[in-house]
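S.K.: Dropping in run_22.tsv, which is TSV, C-alpha atoms:
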chain	number	residue	atom	x	y	z
A	1	MET	CA	-6.68	11.55	-96.61
A	2	ILE	CA	-8.98	14.15	-98.15
A	3	GLU	CA	-8.37	17.75	-99.03
A	4	LYS	CA	-10.09	20.81	-97.57
A	5	THR	CA	-12.44	21.46	-100.49
A	6	THR	CA	-13.51	17.81	-100.60
A	7	LEU	CA	-14.24	17.92	-96.88
A	8	LEU	CA	-16.32	21.09	-97.25
A	9	THR	CA	-18.15	19.57	-100.24
A	10	GLN	CA	-19.05	16.54	-98.12
A	11	ILE	CA	-20.29	18.81	-95.32
A	12	ASN	CA	-22.43	20.74	-97.82
A	13	LYS	CA	-23.85	17.51	-99.24
A	14	LYS	CA	-24.65	16.26	-95.73
A	15	PHE	CA	-26.53	19.48	-94.87
A	16	SER	CA	-28.34	19.39	-98.22
A	17	THR	CA	-29.48	15.76	-97.99
A	18	THR	CA	-30.09	15.26	-94.27
A	19	PRO	CA	-32.95	16.86	-92.31
A	20	ASN	CA	-31.57	19.61	-90.04
A	21	ASP	CA	-32.63	22.75	-88.20
A	22	PHE	CA	-31.19	25.24	-90.70
A	23	ASP	CA	-33.34	27.39	-92.98
A	24	VAL	CA	-30.63	28.26	-95.52
A	25	ILE	CA	-27.37	26.55	-96.51
A	26	ILE	CA	-24.98	28.71	-98.51
A	27	TRP	CA	-21.85	27.53	-100.32
A	28	ALA	CA	-19.40	30.03	-101.84
A	29	LEU	CA	-15.94	29.54	-103.30
A	30	VAL	CA	-13.97	32.59	-102.22
A	31	SER	CA	-10.42	31.95	-103.60
A	32	LYS	CA	-7.39	34.19	-103.69
A	33	HIS	CA	-8.55	37.04	-105.91
A	34	SER	CA	-12.19	37.28	-104.83
A	35	ASP	CA	-13.57	40.59	-103.70
A	36	VAL	CA	-16.70	41.33	-101.68
A	37	GLY	CA	-18.82	41.81	-104.82
A	38	LYS	CA	-17.85	38.39	-106.20
A	39	ILE	CA	-18.61	36.72	-102.87
A	40	GLN	CA	-21.98	38.51	-102.77
A	41	ASP	CA	-22.79	37.35	-106.31
A	42	ARG	CA	-22.08	33.73	-105.34
A	43	ILE	CA	-24.17	34.02	-102.18
A	44	GLY	CA	-26.90	35.94	-104.02
A	45	GLY	CA	-27.19	33.07	-106.49
A	46	ASN	CA	-27.84	30.73	-103.57
A	47	ILE	CA	-30.71	32.82	-102.20
A	48	GLY	CA	-32.45	33.93	-105.39
A	49	PHE	CA	-30.60	37.11	-106.36
A	50	SER	CA	-29.02	36.41	-109.71
A	51	ASP	CA	-30.58	38.71	-112.31
A	52	ALA	CA	-28.61	41.44	-114.09
A	53	PHE	CA	-30.35	44.20	-112.11
A	54	TRP	CA	-29.21	42.74	-108.79
A	55	LYS	CA	-25.69	42.13	-110.07
A	56	SER	CA	-25.46	45.80	-111.10
A	57	LYS	CA	-26.17	47.01	-107.55
A	58	SER	CA	-23.43	48.41	-105.33
A	59	VAL	CA	-21.69	46.30	-102.68
A	60	ASP	CA	-23.61	48.16	-99.95
A	61	GLU	CA	-26.99	47.59	-101.65
A	62	LYS	CA	-26.24	43.88	-102.13
A	63	ALA	CA	-25.23	43.60	-98.45
A	64	VAL	CA	-28.60	45.07	-97.41
A	65	ASP	CA	-30.46	42.63	-99.69
A	66	ILE	CA	-28.49	39.59	-98.45
A	67	TYR	CA	-28.88	40.60	-94.82
A	68	GLY	CA	-32.62	41.15	-95.33
A	69	VAL	CA	-33.06	37.57	-96.50
A	70	LEU	CA	-30.79	35.96	-93.90
A	71	CYS	CA	-31.22	38.04	-90.71
A	72	ASN	CA	-34.09	36.05	-89.21
A	73	LYS	CA	-33.05	32.62	-90.40
A	74	ARG	CA	-30.83	29.87	-89.03
A	75	ILE	CA	-28.09	29.63	-91.62
A	76	VAL	CA	-24.98	27.63	-92.42
A	77	VAL	CA	-22.44	29.52	-94.50
A	78	LEU	CA	-19.69	27.43	-96.14
A	79	LEU	CA	-16.82	29.53	-97.49
A	80	ASP	CA	-14.16	27.64	-99.38
A	81	ASP	CA	-10.53	28.70	-99.84
A	82	LEU	CA	-10.21	31.91	-97.79
A	83	TRP	CA	-6.89	33.69	-98.32
A	84	GLU	CA	-7.73	36.64	-96.08
A	85	ARG	CA	-10.36	37.74	-93.58
A	86	VAL	CA	-13.86	38.19	-95.01
A	87	ASP	CA	-15.90	40.93	-93.35
A	88	LEU	CA	-19.26	39.20	-92.91
A	89	ASN	CA	-21.05	42.51	-92.27
A	90	GLN	CA	-19.74	43.98	-95.52
A	91	VAL	CA	-20.95	40.89	-97.41
A	92	GLY	CA	-24.34	41.02	-95.68
A	93	ILE	CA	-24.06	37.81	-93.67
A	94	PRO	CA	-25.42	38.04	-90.12
A	95	LYS	CA	-22.68	37.03	-87.68
A	96	PRO	CA	-23.27	33.42	-86.62
A	97	SER	CA	-23.71	32.99	-82.87
A	98	GLN	CA	-25.16	30.64	-80.29
A	99	GLU	CA	-28.11	33.01	-79.95
A	100	ASN	CA	-29.16	32.87	-83.61
A	101	GLY	CA	-28.13	29.22	-84.06
A	102	SER	CA	-26.24	29.92	-87.29
A	103	LYS	CA	-22.86	28.49	-88.30
A	104	LEU	CA	-19.90	29.59	-90.38
A	105	ILE	CA	-17.61	26.89	-91.76
A	106	PHE	CA	-14.64	27.84	-93.88
A	107	THR	CA	-11.42	26.44	-95.31
A	108	THR	CA	-8.09	28.21	-95.43
A	109	ARG	CA	-4.40	27.39	-95.60
A	110	SER	CA	-3.57	30.22	-93.21
A	111	LEU	CA	-3.54	30.02	-89.43
A	112	GLU	CA	-3.61	33.82	-89.48
A	113	VAL	CA	-6.98	33.76	-91.29
A	114	TYR	CA	-8.34	31.36	-88.65
A	115	GLY	CA	-7.44	33.92	-86.02
A	116	GLU	CA	-8.81	36.89	-87.95
A	117	MET	CA	-12.10	35.07	-88.59
A	118	GLU	CA	-12.32	34.23	-84.86
A	119	ALA	CA	-12.65	30.51	-85.52
A	120	ARG	CA	-13.81	28.60	-82.45
A	121	LYS	CA	-12.68	25.20	-83.68
A	122	LYS	CA	-9.89	24.32	-86.09
A	123	ILE	CA	-9.53	21.04	-87.95
A	124	LYS	CA	-6.14	20.53	-89.53
A	125	VAL	CA	-6.07	18.66	-92.83
A	126	ASP	CA	-2.57	17.32	-93.40
A	127	CYS	CA	-0.74	16.76	-96.66
A	128	LEU	CA	-0.50	13.23	-98.00
A	129	GLY	CA	2.48	11.07	-97.08
A	130	PRO	CA	4.81	9.95	-99.89
A	131	GLU	CA	3.11	6.57	-100.44
A	132	LYS	CA	-0.42	7.97	-100.57
A	133	ALA	CA	0.72	10.89	-102.73
A	134	TRP	CA	2.30	8.50	-105.24
A	135	ALA	CA	-0.80	6.28	-105.23
A	136	LEU	CA	-3.04	9.30	-105.97
A	137	PHE	CA	-0.68	10.48	-108.71
A	138	GLN	CA	-0.56	7.02	-110.29
A	139	ASP	CA	-4.34	6.74	-110.17
A	140	LYS	CA	-4.82	10.04	-112.01
A	141	VAL	CA	-2.02	9.55	-114.58
A	142	GLY	CA	-2.98	5.97	-115.39
A	143	ASP	CA	-0.93	2.84	-116.07
A	144	GLU	CA	-0.96	3.33	-119.82
A	145	THR	CA	0.96	6.61	-119.50
A	146	LEU	CA	3.29	5.35	-116.78
A	147	ASN	CA	4.23	2.30	-118.85
A	148	SER	CA	4.43	4.04	-122.24
A	149	HIS	CA	8.12	4.98	-122.00
A	150	PRO	CA	10.92	3.80	-119.67
A	151	ASP	CA	11.68	7.34	-118.43
A	152	ILE	CA	8.10	8.44	-117.75
A	153	ARG	CA	7.66	6.51	-114.47
A	154	LYS	CA	10.87	8.02	-113.02
A	155	LEU	CA	9.84	11.49	-114.20
A	156	ALA	CA	6.35	11.00	-112.73
A	157	GLU	CA	7.83	9.96	-109.36
A	158	GLU	CA	9.97	13.12	-109.30
A	159	VAL	CA	7.02	15.33	-110.19
A	160	ALA	CA	4.80	13.68	-107.55
A	161	GLU	CA	7.51	14.22	-104.93
A	162	ARG	CA	7.77	17.91	-105.85
A	163	CYS	CA	4.04	18.32	-105.20
A	164	GLY	CA	4.83	17.97	-101.50
A	165	GLY	CA	1.79	15.84	-100.68
A	166	LEU	CA	-0.68	18.57	-101.68
A	167	PRO	CA	-3.71	16.76	-103.14
A	168	LEU	CA	-4.80	19.57	-105.46
A	169	ALA	CA	-1.30	19.88	-106.95
A	170	LEU	CA	-1.02	16.11	-107.35
A	171	ILE	CA	-4.39	15.86	-109.09
A	172	THR	CA	-3.88	18.86	-111.36
A	173	ILE	CA	-0.39	17.92	-112.51
A	174	SER	CA	-1.09	14.21	-112.86
A	175	ARG	CA	-4.17	14.91	-115.00
A	176	GLY	CA	-1.96	17.08	-117.18
A	177	MET	CA	0.44	14.16	-117.63
A	178	ALA	CA	-2.30	11.67	-118.47
A	179	CYS	CA	-2.18	10.47	-122.09
A	180	LYS	CA	1.41	11.69	-122.60
A	181	THR	CA	3.62	9.02	-124.12
A	182	THR	CA	7.09	10.58	-124.24
A	183	PRO	CA	9.13	12.41	-121.59
A	184	GLY	CA	9.30	15.50	-123.81
A	185	GLU	CA	5.56	15.98	-123.68
Can the structure in the file be given as structure tokens, please?
M.R.:
Amino acid sequence: MIEKTTLLTQINKKFSTTPNDFDVIIWALVSKHSDVGKIQDRIGGNIGFSDAFWKSKSVDEKAVDIYGVLCNKRIVVLLDDLWERVDLNQVGIPKPSQENGSKLIFTTRSLEVYGEMEARKKIKVDCLGPEKAWALFQDKVGDETLNSHPDIRKLAEEVAERCGGLPLALITISRGMACKTTPGE
């Protein structure tokens, strides 16, 4: 089982390393507290706009610049971790369609966002089952930590269970536990 970001990373790598019909491939992490300007800065960096002058432009000016570069190209836009609808026009991204041959691929936890973004195809990425979640947690924590104190393994199992099968939570918390040798740590 892989998580959404990993899946999108693999898609990006495939587009970047395999011959295809697209002129531009854009990757942008959107995340919960991103605004249009931050998204534009990430996209601008992908297409050659990254100097201080460009970054000081208004959102509307950046949208015109981005659109000017992308409007006559076949593009793939990969947006990771959407928490709400992103207005492609406001960002400067030409709306992907069958006519222009462009694609938009995004990840989100929200079915509502899928609807608001008018997704044509949805791929559900499920949480890990208990066995796979524990195996991932063990792998990241390491045997040395798990065997360093009699109570740590039991504590680690409880923590892994509380992560609810979410890969990012399992990885983040287990890495934080790595190298700890007492339950108090």
S.K.: For a quick check of understanding, using only C-alpha atoms, which of A:Glu112, A:Cys163, A:Gly129, A:Thr181 has the smallest distance to Asp143 in chain A?
M.R.: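 Counting only C-alpha atoms, the residue closest to Asp143 in chain A is A:Thr181.
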S.K.: Could you give me, as CSV, every range 87-119 of chain A residue with an atom at most 12 Å from range 37-52 of chain A, plus its closest atom pair and distance in Å to one decimal, counting only C-alpha atoms, rows ordered by chain then number?
M.R.:
residue,atom,partner,partner_atom,distance
A:Asp87,CA,A:Ile39,CA,10.8
A:Leu88,CA,A:Gln40,CA,10.3
A:Asn89,CA,A:Gln40,CA,11.3
A:Gln90,CA,A:Gln40,CA,9.4
A:Val91,CA,A:Gln40,CA,6.0
A:Gly92,CA,A:Gln40,CA,7.9
A:Ile93,CA,A:Ile43,CA,9.3
S.K.: So which residues touch Ser110 in chain A within 12 Å, counting only C-alpha atoms, skipping near sequence neighbours fewer than 2 positions away, as a JSON list (two decimals) with C-alpha atoms, in the frame of the given file?
M.R.:
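Wrote out31.json, looks like this:
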[["chain", "number", "residue", "atom", "x", "y", "z"],
["A", 32, "LYS", "CA", -7.39, 34.19, -103.69],
["A", 81, "ASP", "CA", -10.53, 28.70, -99.84],
["A", 82, "LEU", "CA", -10.21, 31.91, -97.79],
["A", 83, "TRP", "CA", -6.89, 33.69, -98.32],
["A", 84, "GLU", "CA", -7.73, 36.64, -96.08],
["A", 85, "ARG", "CA", -10.36, 37.74, -93.58],
["A", 106, "PHE", "CA", -14.64, 27.84, -93.88],
["A", 107, "THR", "CA", -11.42, 26.44, -95.31],
["A", 108, "THR", "CA", -8.09, 28.21, -95.43],
["A", 112, "GLU", "CA", -3.61, 33.82, -89.48],
["A", 113, "VAL", "CA", -6.98, 33.76, -91.29],
["A", 114, "TYR", "CA", -8.34, 31.36, -88.65],
["A", 115, "GLY", "CA", -7.44, 33.92, -86.02],
["A", 116, "GLU", "CA", -8.81, 36.89, -87.95],
["A", 117, "MET", "CA", -12.10, 35.07, -88.59],
["A", 119, "ALA", "CA", -12.65, 30.51, -85.52],
["A", 122, "LYS", "CA", -9.89, 24.32, -86.09],
["A", 124, "LYS", "CA", -6.14, 20.53, -89.53],
["A", 125, "VAL", "CA", -6.07, 18.66, -92.83]]
S.K.: Looking at all atoms listed in the file, which of A:Thr145, A:Thr182, A:Thr172, A:Ser102 is the one that sits closest to Asp21 in chain A?
M.R.: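 For Asp21 in chain A, the nearest of the candidates is A:Ser102.
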S.K.: Would you pick out the contacts of range 12-20 of chain A at 12 Å or less, using all atoms listed in the file, so that residues sharing its chain but fewer than 2 positions from it are not included, and give the list as a compact mmCIF listing (two decimals) with C-alpha atoms, keeping the file's coordinate frame?
M.R.:
# COMPACT_ATOMS: atom_id res chain seq x y z
CA THR A 5 -12.44 21.46 -100.49
CA THR A 6 -13.51 17.81 -100.60
CA LEU A 7 -14.24 17.92 -96.88
CA LEU A 8 -16.32 21.09 -97.25
CA THR A 9 -18.15 19.57 -100.24
CA GLN A 10 -19.05 16.54 -98.12
CA PHE A 22 -31.19 25.24 -90.70
CA ASP A 23 -33.34 27.39 -92.98
CA VAL A 24 -30.63 28.26 -95.52
CA ILE A 25 -27.37 26.55 -96.51
CA ILE A 26 -24.98 28.71 -98.51
CA TRP A 27 -21.85 27.53 -100.32
CA ALA A 28 -19.40 30.03 -101.84
CA ARG A 74 -30.83 29.87 -89.03
CA ILE A 75 -28.09 29.63 -91.62
CA VAL A 76 -24.98 27.63 -92.42
CA VAL A 77 -22.44 29.52 -94.50
CA LEU A 78 -19.69 27.43 -96.14
CA LEU A 79 -16.82 29.53 -97.49
CA ASP A 80 -14.16 27.64 -99.38
CA GLY A 101 -28.13 29.22 -84.06
CA SER A 102 -26.24 29.92 -87.29
CA LYS A 103 -22.86 28.49 -88.30
CA LEU A 104 -19.90 29.59 -90.38
CA ILE A 105 -17.61 26.89 -91.76
CA PHE A 106 -14.64 27.84 -93.88
S.K.: Dig up all the protein and nucleic acid residues within 10 Å of (-1.0, 6.2, -116.8) in the file frame, using all atoms listed in the file, and format them as a ChimeraX atom specification.
M.R.: /A:137-148,152-153,156,174-175,177-181
S.K.: Rebuild range 8-27 of chain A to N, CA and C atoms - output it as a PDB file, in the coordinates of the input, please.
M.R.:
ATOM      1  N   LEU A   8     -15.238  20.113 -97.280  1.00  0.00           N
ATOM      2  CA  LEU A   8     -16.320  21.090 -97.250  1.00  0.00           C
ATOM      3  C   LEU A   8     -17.468  20.668 -98.175  1.00  0.00           C
ATOM      4  N   THR A   9     -17.128  20.081 -99.311  1.00  0.00           N
ATOM      5  CA  THR A   9     -18.150  19.570-100.240  1.00  0.00           C
ATOM      6  C   THR A   9     -18.987  18.488 -99.559  1.00  0.00           C
ATOM      7  N   GLN A  10     -18.327  17.597 -98.827  1.00  0.00           N
ATOM      8  CA  GLN A  10     -19.050  16.540 -98.120  1.00  0.00           C
ATOM      9  C   GLN A  10     -19.951  17.124 -97.022  1.00  0.00           C
ATOM     10  N   ILE A  11     -19.474  18.153 -96.341  1.00  0.00           N
ATOM     11  CA  ILE A  11     -20.290  18.810 -95.320  1.00  0.00           C
ATOM     12  C   ILE A  11     -21.521  19.444 -95.968  1.00  0.00           C
ATOM     13  N   ASN A  12     -21.321  20.125 -97.091  1.00  0.00           N
ATOM     14  CA  ASN A  12     -22.430  20.740 -97.820  1.00  0.00           C
ATOM     15  C   ASN A  12     -23.446  19.694 -98.244  1.00  0.00           C
ATOM     16  N   LYS A  13     -22.959  18.584 -98.785  1.00  0.00           N
ATOM     17  CA  LYS A  13     -23.850  17.510 -99.240  1.00  0.00           C
ATOM     18  C   LYS A  13     -24.648  16.952 -98.059  1.00  0.00           C
ATOM     19  N   LYS A  14     -23.983  16.790 -96.919  1.00  0.00           N
ATOM     20  CA  LYS A  14     -24.650  16.260 -95.730  1.00  0.00           C
ATOM     21  C   LYS A  14     -25.779  17.202 -95.280  1.00  0.00           C
ATOM     22  N   PHE A  15     -25.487  18.510 -95.235  1.00  0.00           N
ATOM     23  CA  PHE A  15     -26.530  19.480 -94.870  1.00  0.00           C
ATOM     24  C   PHE A  15     -27.660  19.487 -95.879  1.00  0.00           C
ATOM     25  N   SER A  16     -27.331  19.314 -97.155  1.00  0.00           N
ATOM     26  CA  SER A  16     -28.340  19.390 -98.220  1.00  0.00           C
ATOM     27  C   SER A  16     -29.221  18.154 -98.303  1.00  0.00           C
ATOM     28  N   THR A  17     -28.729  17.016 -97.823  1.00  0.00           N
ATOM     29  CA  THR A  17     -29.480  15.760 -97.990  1.00  0.00           C
ATOM     30  C   THR A  17     -30.036  15.197 -96.686  1.00  0.00           C
ATOM     31  N   THR A  18     -29.658  15.774 -95.563  1.00  0.00           N
ATOM     32  CA  THR A  18     -30.090  15.260 -94.270  1.00  0.00           C
ATOM     33  C   THR A  18     -30.977  16.299 -93.588  1.00  0.00           C
ATOM     34  N   PRO A  19     -32.113  15.894 -93.038  1.00  0.00           N
ATOM     35  CA  PRO A  19     -32.950  16.860 -92.310  1.00  0.00           C
ATOM     36  C   PRO A  19     -32.139  17.533 -91.194  1.00  0.00           C
ATOM     37  N   ASN A  20     -32.296  18.860 -91.074  1.00  0.00           N
ATOM     38  CA  ASN A  20     -31.570  19.610 -90.040  1.00  0.00           C
ATOM     39  C   ASN A  20     -32.404  20.831 -89.650  1.00  0.00           C
ATOM     40  N   ASP A  21     -31.892  21.603 -88.721  1.00  0.00           N
ATOM     41  CA  ASP A  21     -32.630  22.750 -88.200  1.00  0.00           C
ATOM     42  C   ASP A  21     -32.310  24.065 -88.903  1.00  0.00           C
ATOM     43  N   PHE A  22     -31.593  24.011 -90.020  1.00  0.00           N
ATOM     44  CA  PHE A  22     -31.190  25.240 -90.700  1.00  0.00           C
ATOM     45  C   PHE A  22     -32.172  25.591 -91.815  1.00  0.00           C
ATOM     46  N   ASP A  23     -32.428  26.902 -91.947  1.00  0.00           N
ATOM     47  CA  ASP A  23     -33.340  27.390 -92.980  1.00  0.00           C
ATOM     48  C   ASP A  23     -32.630  27.550 -94.332  1.00  0.00           C
ATOM     49  N   VAL A  24     -31.374  27.973 -94.291  1.00  0.00           N
ATOM     50  CA  VAL A  24     -30.630  28.260 -95.520  1.00  0.00           C
ATOM     51  C   VAL A  24     -29.215  27.710 -95.387  1.00  0.00           C
ATOM     52  N   ILE A  25     -28.754  27.039 -96.436  1.00  0.00           N
ATOM     53  CA  ILE A  25     -27.370  26.550 -96.510  1.00  0.00           C
ATOM     54  C   ILE A  25     -26.729  27.228 -97.713  1.00  0.00           C
ATOM     55  N   ILE A  26     -25.646  27.934 -97.465  1.00  0.00           N
ATOM     56  CA  ILE A  26     -24.980  28.710 -98.510  1.00  0.00           C
ATOM     57  C   ILE A  26     -23.560  28.211 -98.698  1.00  0.00           C
ATOM     58  N   TRP A  27     -23.210  27.943 -99.952  1.00  0.00           N
ATOM     59  CA  TRP A  27     -21.850  27.530-100.320  1.00  0.00           C
ATOM     60  C   TRP A  27     -21.279  28.617-101.217  1.00  0.00           C
TER      61      TRP A  27
END
